[in-house]
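Shown below: start-v9.pdb, with PDB, C-alpha atoms and all ligand atoms.
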```pdb
ATOM      1  CA  MET A 221      81.474  15.168   0.327  1.00  0.00           C
ATOM      2  CA  ASP A 222      79.869  11.969   1.553  1.00  0.00           C
ATOM      3  CA  LEU A 223      76.126  11.669   1.449  1.00  0.00           C
ATOM      4  CA  CYS A 224      73.961  10.129   4.138  1.00  0.00           C
ATOM      5  CA  GLY A 225      72.475   7.627   1.717  1.00  0.00           C
ATOM      6  CA  GLN A 226      69.740   6.391   4.079  1.00  0.00           C
ATOM      7  CA  LYS A 227      67.128   4.648   2.003  1.00  0.00           C
ATOM      8  CA  ALA A 228      63.354   4.701   2.197  1.00  0.00           C
ATOM      9  CA  VAL A 229      60.456   3.461   0.137  1.00  0.00           C
ATOM     10  CA  LEU A 230      57.395   5.616  -0.378  1.00  0.00           C
ATOM     11  CA  ILE A 231      54.190   3.693  -1.048  1.00  0.00           C
ATOM     12  CA  VAL A 232      51.404   5.797  -2.530  1.00  0.00           C
ATOM     13  CA  THR A 233      48.002   4.299  -1.791  1.00  0.00           C
ATOM     14  CA  LYS A 234      44.645   5.062  -3.261  1.00  0.00           C
ATOM     15  CA  GLN A 235      41.177   4.195  -2.033  1.00  0.00           C
ATOM     16  CA  VAL A 236      39.048   2.066  -4.300  1.00  0.00           C
ATOM     17  CA  PRO A 237      35.774   3.953  -4.956  1.00  0.00           C
ATOM     18  CA  ASP A 238      32.811   2.819  -2.847  1.00  0.00           C
ATOM     19  CA  THR A 239      34.930   0.531  -0.722  1.00  0.00           C
ATOM     20  CA  ALA A 240      37.191   0.911   2.261  1.00  0.00           C
ATOM     21  CA  THR A 241      39.994  -0.775   0.410  1.00  0.00           C
ATOM     22  CA  ASN A 242      43.280   0.950  -0.157  1.00  0.00           C
ATOM     23  CA  VAL A 243      45.508  -0.257  -2.924  1.00  0.00           C
ATOM     24  CA  ALA A 244      49.126   0.575  -3.538  1.00  0.00           C
ATOM     25  CA  ARG A 245      49.417   2.670  -6.648  1.00  0.00           C
ATOM     26  CA  ARG A 246      53.044   3.575  -6.852  1.00  0.00           C
ATOM     27  CA  ARG A 247      56.286   2.697  -5.167  1.00  0.00           C
ATOM     28  CA  ILE A 248      59.016   5.310  -5.114  1.00  0.00           C
ATOM     29  CA  ASP A 249      62.542   4.573  -3.999  1.00  0.00           C
ATOM     30  CA  LEU A 250      64.059   7.373  -1.950  1.00  0.00           C
ATOM     31  CA  ALA A 251      67.606   7.994  -0.837  1.00  0.00           C
ATOM     32  CA  CYS A 252      68.750  10.739   1.521  1.00  0.00           C
ATOM     33  CA  ASN A 253      71.030  13.140  -0.294  1.00  0.00           C
ATOM     34  CA  LEU A 254      72.017  15.301   2.658  1.00  0.00           C
ATOM     35  CA  PRO A 255      75.611  15.221   3.908  1.00  0.00           C
ATOM     36  CA  ALA A 256      76.574  12.203   6.017  1.00  0.00           C
ATOM     37  CA  GLY A 257      75.954  12.772   9.725  1.00  0.00           C
ATOM     38  CA  HIS A 258      73.403  15.521   9.168  1.00  0.00           C
ATOM     39  CA  PRO A 259      70.999  16.385  12.006  1.00  0.00           C
ATOM     40  CA  GLY A 260      67.243  15.971  11.828  1.00  0.00           C
ATOM     41  CA  LEU A 261      65.164  14.179   9.261  1.00  0.00           C
ATOM     42  CA  HIS A 262      66.494  12.379   6.252  1.00  0.00           C
ATOM     43  CA  GLN A 263      65.555  14.063   3.039  1.00  0.00           C
ATOM     44  CA  ASP A 264      65.397  13.176  -0.621  1.00  0.00           C
ATOM     45  CA  THR A 265      65.490  16.594  -2.220  1.00  0.00           C
ATOM     46  CA  GLN A 266      64.947  15.131  -5.662  1.00  0.00           C
ATOM     47  CA  HIS A 267      61.549  13.790  -4.645  1.00  0.00           C
ATOM     48  CA  GLY A 268      60.797  16.424  -1.997  1.00  0.00           C
ATOM     49  CA  GLU A 269      60.287  13.838   0.732  1.00  0.00           C
ATOM     50  CA  GLN A 270      61.641  13.598   4.226  1.00  0.00           C
ATOM     51  CA  TRP A 271      61.454  10.930   6.872  1.00  0.00           C
ATOM     52  CA  GLY A 272      62.689  10.093  10.330  1.00  0.00           C
ATOM     53  CA  ALA A 273      65.254   7.513  11.284  1.00  0.00           C
ATOM     54  CA  SER A 274      64.005   3.955  11.050  1.00  0.00           C
ATOM     55  CA  SER A 275      64.799   0.894  13.084  1.00  0.00           C
ATOM     56  CA  GLY A 276      65.549  -1.091   9.943  1.00  0.00           C
ATOM     57  CA  PRO A 277      67.861  -0.404   7.013  1.00  0.00           C
ATOM     58  CA  ILE A 278      65.015   0.893   4.851  1.00  0.00           C
ATOM     59  CA  ALA A 279      62.188   3.100   6.104  1.00  0.00           C
ATOM     60  CA  THR A 280      58.742   2.659   4.611  1.00  0.00           C
ATOM     61  CA  LEU A 281      56.503   5.671   4.138  1.00  0.00           C
ATOM     62  CA  PHE A 282      52.868   5.639   3.151  1.00  0.00           C
ATOM     63  CA  ARG A 283      50.942   8.401   1.469  1.00  0.00           C
ATOM     64  CA  HIS A 284      47.278   8.368   0.631  1.00  0.00           C
ATOM     65  CA  GLU A 285      46.311   9.918  -2.653  1.00  0.00           C
ATOM     66  CA  ASP A 286      42.686  10.833  -3.279  1.00  0.00           C
ATOM     67  CA  GLU A 287      40.928  10.543  -6.609  1.00  0.00           C
ATOM     68  CA  ASP A 288      40.230  14.265  -6.762  1.00  0.00           C
ATOM     69  CA  ALA A 289      43.609  15.398  -5.481  1.00  0.00           C
TER      70      ALA A 289
HETATM   71 ZN    ZN B 301      69.980  11.224   5.994  1.00  0.00          ZN
END
```

Please render this file's structure as structure tokens.
Ligand SMILES: [Zn+2]
Amino acid sequence: MDLCGQKAVLIVTKQVPDTATNVARRRIDLACNLPAGHPGLHQDTQHGEQWGASSGPIATLFRHEDEDA
């Protein structure tokens, strides 16, 4: 069975305390592991992330992570 294989990069950002600055903390490479030609969102089941189709070859996702989370 062929996999979709659409790639995405998830950037996890974190706010620097007492500033409005967000810094990138982690970068996670994602790849869709649903069957090729699947409907709906792309999904990386290994990382539990899903994303919509992108205009470029690699989608970029951002997630904000709080200190207390
Ligand atoms: Zn996909």

Report as a tab-separated table the residues of chain A within 12 Å of ligand ZN 301 (chain B), each with its shortest atom pair and distance in Å (one decimal), using all atoms listed in the file, ordered by chain and increasing residue number.
```
residue	atom	partner	partner_atom	distance
A:Asp222	CA	B:ZN301	ZN	10.9
A:Leu223	CA	B:ZN301	ZN	7.7
A:Cys224	CA	B:ZN301	ZN	4.5
A:Gly225	CA	B:ZN301	ZN	6.1
A:Gln226	CA	B:ZN301	ZN	5.2
A:Lys227	CA	B:ZN301	ZN	8.2
A:Ala228	CA	B:ZN301	ZN	10.0
A:Leu250	CA	B:ZN301	ZN	10.6
A:Ala251	CA	B:ZN301	ZN	7.9
A:Cys252	CA	B:ZN301	ZN	4.7
A:Asn253	CA	B:ZN301	ZN	6.7
A:Leu254	CA	B:ZN301	ZN	5.6
A:Pro255	CA	B:ZN301	ZN	7.2
A:Ala256	CA	B:ZN301	ZN	6.7
A:Gly257	CA	B:ZN301	ZN	7.2
A:His258	CA	B:ZN301	ZN	6.3
A:Pro259	CA	B:ZN301	ZN	8.0
A:Gly260	CA	B:ZN301	ZN	8.0
A:Leu261	CA	B:ZN301	ZN	6.5
A:His262	CA	B:ZN301	ZN	3.7
A:Gln263	CA	B:ZN301	ZN	6.0
A:Asp264	CA	B:ZN301	ZN	8.3
A:Thr265	CA	B:ZN301	ZN	10.8
A:Glu269	CA	B:ZN301	ZN	11.3
A:Gln270	CA	B:ZN301	ZN	8.8
A:Trp271	CA	B:ZN301	ZN	8.6
A:Gly272	CA	B:ZN301	ZN	8.6
A:Ala273	CA	B:ZN301	ZN	8.0
A:Ser274	CA	B:ZN301	ZN	10.7
A:Pro277	CA	B:ZN301	ZN	11.9
A:Ile278	CA	B:ZN301	ZN	11.5
A:Ala279	CA	B:ZN301	ZN	11.3
```

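Here CA of Asn242 (chain A) is placed at a distance of 24.5 Å from CA of Gly276 (chain A).
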
Within 7 Å of Arg245 (chain A), counting only C-alpha atoms, which residues qualify if same-chain residues fewer than 3 places away don't, as an NGL selection string?
:A and (232-234)

Could you write out the selected residues, including C-alpha atoms, as a PDB file, keeping the file's coordinate frame?
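Below is the file again27.pdb, written as the result:
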```pdb
ATOM      1  CA  VAL A 232      51.404   5.797  -2.530  1.00  0.00           C
ATOM      2  CA  THR A 233      48.002   4.299  -1.791  1.00  0.00           C
ATOM      3  CA  LYS A 234      44.645   5.062  -3.261  1.00  0.00           C
TER       4      LYS A 234
END
```

Running the PyMOL selection byres (((chain A and resi 231) around 9) and not hetatm) on this model by hand, what would come out? Give it as a list in words.
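Applying the PyMOL selection byres (((chain A and resi 231) around 9) and not hetatm) to the structure shown produces Val229, Leu230, Val232, Thr233, Ala244, Arg245, Arg246, Arg247, Ile248, Asp249, Thr280, Leu281, Phe282, Arg283 and His284 of chain A.
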